[in-house]
Amino acid sequence: MWQKNETSLADFLLEGLFDESLAHVFLFSLTMVVFLVGVSGNSLTILLICADPRLHTPMYFLLSQLSFIDLMYVITTTPKMASNYLSGSQYISFAGCGTQHFFYLFVGSAECFLLTVMSYDRYVAICNPLHYTILMNRRVTLMMVAMSWLGGFTISFSLTASLMSFPYCASRKIRHFYCELPAVVKLVCGNITIFETTVYICSVLLLLIPILLVSASYAFILRSVIKMRSAGSKRNAFATCSSHLTVVSLYFGASIFSYMRPKSQSTTFQDKVGSVFYSIITPTLNPLIYTLRNKDVAKAIRRLLGR
C-alpha cells in the first residue's frame, strides 16, 4: 500500500472510484469492460473511415476526429484509475496530475467545438445540399477541425498553466478518480477569484455558446425538413441528424451537470458520477450510436468483415 513518506509535498493523492468491497470489484470490472469497448469501438471507427473510400466525406472525416477525441478521453482518465486501484496506491505526481488535467481538458474542449462544427455540416447538407461541396470543401473542413483542436489546446494550456502555478494546501487529496479541474481547485490555498471568473467564462464559451449554435442549426434543419414533400427525404434527413443529436445531448448534458451546477448543490459523489458519464460512458457510446444508427458505417463494417 502507498505510504505517506513515499512521496514529496509536490505529489497528490487520488481518492479513486472504488474500494475493496465485492460490489466495487464488480463495478471496477464493469468499468474496465466499458473502457475496452470504448477503445475498440473508437479505434474501429477511425480504421473504417480511413480504409473505406466511400466514407471519405466531410461528415465522416469529422466523425473520425470525434472518435479520436473520445479515444484520447478514455485513455487519459481510465488507465491511471485502474493502475491505482490494482496496486492499492493513490499516488499521482505533480507533473502527472498537470499532464492528465491538460489532456482531459484539451480533448474535452476540442469536442465541444467539434460537435458544433458537425452540426453546421448537417445544416449545410440538408438546408443547402446544392452548395454542400463548396461550403464544406476539403480546405474548409480541415480549417474547422484545426480551429477546434487549436481552441481546445489554447483553453486547456491557459487553465492548466494557471491552475498548476497556485500554492496547494498540505492535504493534497483530490476527491476524484482523476485530476479534474473542480476537484483540484478545492485544494488551492490563496485567492482564486480571477481564476474562477476565467473558468466561468470558458464554461460559457465551451458549453452555452456551442449549445446555442447547435440549437440554431437544428432549428433551421427542422424548418427545412418540414417543408420537404417526400416522406423518404424526411426520413433520410432525420437519420443523418439523429446520431449527432444524440451524441450532443449526452455530452453537453453530462458536462453541464458537472460544470454549471451551483456549488451548494454539488457533492463529491455527484461530481464523480457526472465525470464517469462524460469521460468514460459517453465516449464508449458514441461509436455504438453512429454504428447502429448509420447505414453507411454499418455497410463499411460488413465490407471490412467480408474481406
# chains A, B, ... in the order shown; residues from 1 in each chain; ligands from 1
call {"tool": "residues_around", "arguments": {"residues": "Ser67 (chain A)", "least_positions_apart": "5", "cutoff": "9 Å", "atoms": "only C-alpha atoms", "output": "list in words"}}
result
Gly41, Asn42, Ser43, Thr45, Ile46, Leu62, Met72, Pro283, Asn286 and Pro287 of chain A
call {"tool": "residues_around", "arguments": {"residues": "Gln100 (chain A)", "least_positions_apart": "3", "cutoff": "7 Å", "atoms": "only C-alpha atoms", "output": "list in words"}}
result
Thr76, Gly96, Cys97, Phe103, Tyr104 and Cys179 of chain A
call {"tool": "residues_around", "arguments": {"residues": "Ile69 (chain A)", "least_positions_apart": "5", "cutoff": "8 Å", "atoms": "only C-alpha atoms", "output": "JSON, numbers by chain"}}
result
{"A": [107, 108, 110, 111]}
call {"tool": "residues_around", "arguments": {"residues": "region 148-153 of chain A", "least_positions_apart": "2", "cutoff": "8 Å", "atoms": "only C-alpha atoms", "output": "PyMOL selection string"}}
result
chain A and resi 105-111+113-114+144-146+155-157
call {"tool": "closest_atom_pairs", "arguments": {"of": "region 140-228 of chain A", "to": "region 241-253 of chain A", "cutoff": "9 Å", "atoms": "only C-alpha atoms", "output": "Markdown table"}}
result
| residue | atom | partner | partner_atom | distance |
| --- | --- | --- | --- | --- |
| A:Leu207 | CA | A:Phe252 | CA | 6.8 |
| A:Ile211 | CA | A:Phe252 | CA | 7.7 |
| A:Val214 | CA | A:Val248 | CA | 8.6 |
| A:Tyr218 | CA | A:Cys241 | CA | 8.7 |
call {"tool": "select_by_dssp", "arguments": {"residues": "region 169-209 of chain A", "states": "alpha helix (DSSP H)", "output": "PyMOL selection string"}}
result
chain A and resi 181-185+193-203+209
call {"tool": "write_last_selection", "arguments": {"atoms": "N, CA, C and O atoms", "output": "mmCIF file, in the first residue's frame"}}
result
data_model
loop_
_atom_site.group_PDB
_atom_site.id
_atom_site.type_symbol
_atom_site.label_atom_id
_atom_site.label_comp_id
_atom_site.auth_asym_id
_atom_site.auth_seq_id
_atom_site.Cartn_x
_atom_site.Cartn_y
_atom_site.Cartn_z
ATOM 1 N N LEU A 181 -10.567 19.561 -13.032
ATOM 2 C CA LEU A 181 -10.376 20.946 -12.608
ATOM 3 C C LEU A 181 -11.110 21.303 -11.307
ATOM 4 O O LEU A 181 -10.478 21.813 -10.382
ATOM 5 N N PRO A 182 -12.431 21.096 -11.183
ATOM 6 C CA PRO A 182 -13.104 21.484 -9.938
ATOM 7 C C PRO A 182 -12.543 20.807 -8.696
ATOM 8 O O PRO A 182 -12.467 21.413 -7.622
ATOM 9 N N ALA A 183 -12.133 19.539 -8.825
ATOM 10 C CA ALA A 183 -11.597 18.808 -7.679
ATOM 11 C C ALA A 183 -10.228 19.337 -7.271
ATOM 12 O O ALA A 183 -9.906 19.419 -6.073
ATOM 13 N N VAL A 184 -9.398 19.709 -8.249
ATOM 14 C CA VAL A 184 -8.066 20.239 -7.943
ATOM 15 C C VAL A 184 -8.158 21.644 -7.373
ATOM 16 O O VAL A 184 -7.404 22.008 -6.455
ATOM 17 N N VAL A 185 -9.081 22.437 -7.883
ATOM 18 C CA VAL A 185 -9.243 23.825 -7.412
ATOM 19 C C VAL A 185 -9.525 23.865 -5.915
ATOM 20 O O VAL A 185 -9.088 24.785 -5.215
ATOM 21 N N THR A 193 -10.145 34.104 -7.147
ATOM 22 C CA THR A 193 -11.325 34.765 -7.708
ATOM 23 C C THR A 193 -11.190 34.999 -9.200
ATOM 24 O O THR A 193 -12.109 34.709 -9.984
ATOM 25 N N ILE A 194 -10.053 35.516 -9.620
ATOM 26 C CA ILE A 194 -9.832 35.789 -11.042
ATOM 27 C C ILE A 194 -9.843 34.487 -11.843
ATOM 28 O O ILE A 194 -10.419 34.410 -12.937
ATOM 29 N N PHE A 195 -9.210 33.450 -11.277
ATOM 30 C CA PHE A 195 -9.172 32.156 -11.972
ATOM 31 C C PHE A 195 -10.581 31.584 -12.108
ATOM 32 O O PHE A 195 -10.949 31.064 -13.172
ATOM 33 N N GLU A 196 -11.389 31.656 -11.059
ATOM 34 C CA GLU A 196 -12.752 31.138 -11.116
ATOM 35 C C GLU A 196 -13.585 31.903 -12.134
ATOM 36 O O GLU A 196 -14.420 31.305 -12.833
ATOM 37 N N THR A 197 -13.371 33.216 -12.231
ATOM 38 C CA THR A 197 -14.069 34.008 -13.246
ATOM 39 C C THR A 197 -13.668 33.563 -14.640
ATOM 40 O O THR A 197 -14.512 33.445 -15.540
ATOM 41 N N THR A 198 -12.374 33.284 -14.822
ATOM 42 C CA THR A 198 -11.885 32.808 -16.116
ATOM 43 C C THR A 198 -12.489 31.458 -16.465
ATOM 44 O O THR A 198 -12.883 31.215 -17.618
ATOM 45 N N VAL A 199 -12.564 30.572 -15.476
ATOM 46 C CA VAL A 199 -13.161 29.249 -15.699
ATOM 47 C C VAL A 199 -14.625 29.393 -16.086
ATOM 48 O O VAL A 199 -15.116 28.690 -16.985
ATOM 49 N N TYR A 200 -15.323 30.301 -15.446
ATOM 50 C CA TYR A 200 -16.745 30.528 -15.768
ATOM 51 C C TYR A 200 -16.901 31.016 -17.202
ATOM 52 O O TYR A 200 -17.780 30.536 -17.942
ATOM 53 N N ILE A 201 -16.047 31.950 -17.609
ATOM 54 C CA ILE A 201 -16.101 32.461 -18.981
ATOM 55 C C ILE A 201 -15.821 31.342 -19.980
ATOM 56 O O ILE A 201 -16.488 31.222 -21.016
ATOM 57 N N CYS A 202 -14.836 30.501 -19.664
ATOM 58 C CA CYS A 202 -14.512 29.364 -20.539
ATOM 59 C C CYS A 202 -15.664 28.370 -20.601
ATOM 60 O O CYS A 202 -15.932 27.778 -21.658
ATOM 61 N N SER A 203 -16.365 28.177 -19.482
ATOM 62 C CA SER A 203 -17.514 27.270 -19.460
ATOM 63 C C SER A 203 -18.622 27.775 -20.379
ATOM 64 O O SER A 203 -19.255 26.993 -21.095
ATOM 65 N N ILE A 209 -22.480 28.668 -25.518
ATOM 66 C CA ILE A 209 -22.436 29.168 -26.892
ATOM 67 C C ILE A 209 -22.550 28.029 -27.909
ATOM 68 O O ILE A 209 -23.344 28.126 -28.863
#
call {"tool": "residues_around", "arguments": {"residues": "Val188 (chain A)", "least_positions_apart": "3", "cutoff": "8 Å", "atoms": "only C-alpha atoms", "output": "PyMOL selection string"}}
result
chain A and resi 166-169+184-185+192
call {"tool": "residues_around", "arguments": {"residues": "Asn294 (chain A)", "least_positions_apart": "5", "cutoff": "9 Å", "atoms": "only C-alpha atoms", "output": "PDB file with N, CA and C atoms, in the first residue's frame"}}
result
ATOM      1  N   ALA A 239     -32.463  10.691 -40.202  1.00  0.00           N
ATOM      2  CA  ALA A 239     -31.488   9.631 -39.961  1.00  0.00           C
ATOM      3  C   ALA A 239     -30.074  10.191 -39.895  1.00  0.00           C
ATOM      4  N   THR A 240     -29.754  11.175 -40.756  1.00  0.00           N
ATOM      5  CA  THR A 240     -28.406  11.744 -40.768  1.00  0.00           C
ATOM      6  C   THR A 240     -28.146  12.636 -39.562  1.00  0.00           C
ATOM      7  N   SER A 243     -28.088  10.638 -34.994  1.00  0.00           N
ATOM      8  CA  SER A 243     -26.896  10.177 -34.282  1.00  0.00           C
ATOM      9  C   SER A 243     -26.162  11.352 -33.643  1.00  0.00           C
ATOM     10  N   ILE A 289     -23.483   4.427 -31.167  1.00  0.00           N
ATOM     11  CA  ILE A 289     -24.616   5.198 -31.679  1.00  0.00           C
ATOM     12  C   ILE A 289     -24.488   5.397 -33.189  1.00  0.00           C
ATOM     13  N   LYS A 299     -22.602  -0.612 -43.312  1.00  0.00           N
ATOM     14  CA  LYS A 299     -22.184  -1.253 -44.561  1.00  0.00           C
ATOM     15  C   LYS A 299     -20.661  -1.359 -44.639  1.00  0.00           C
TER      16      LYS A 299
END
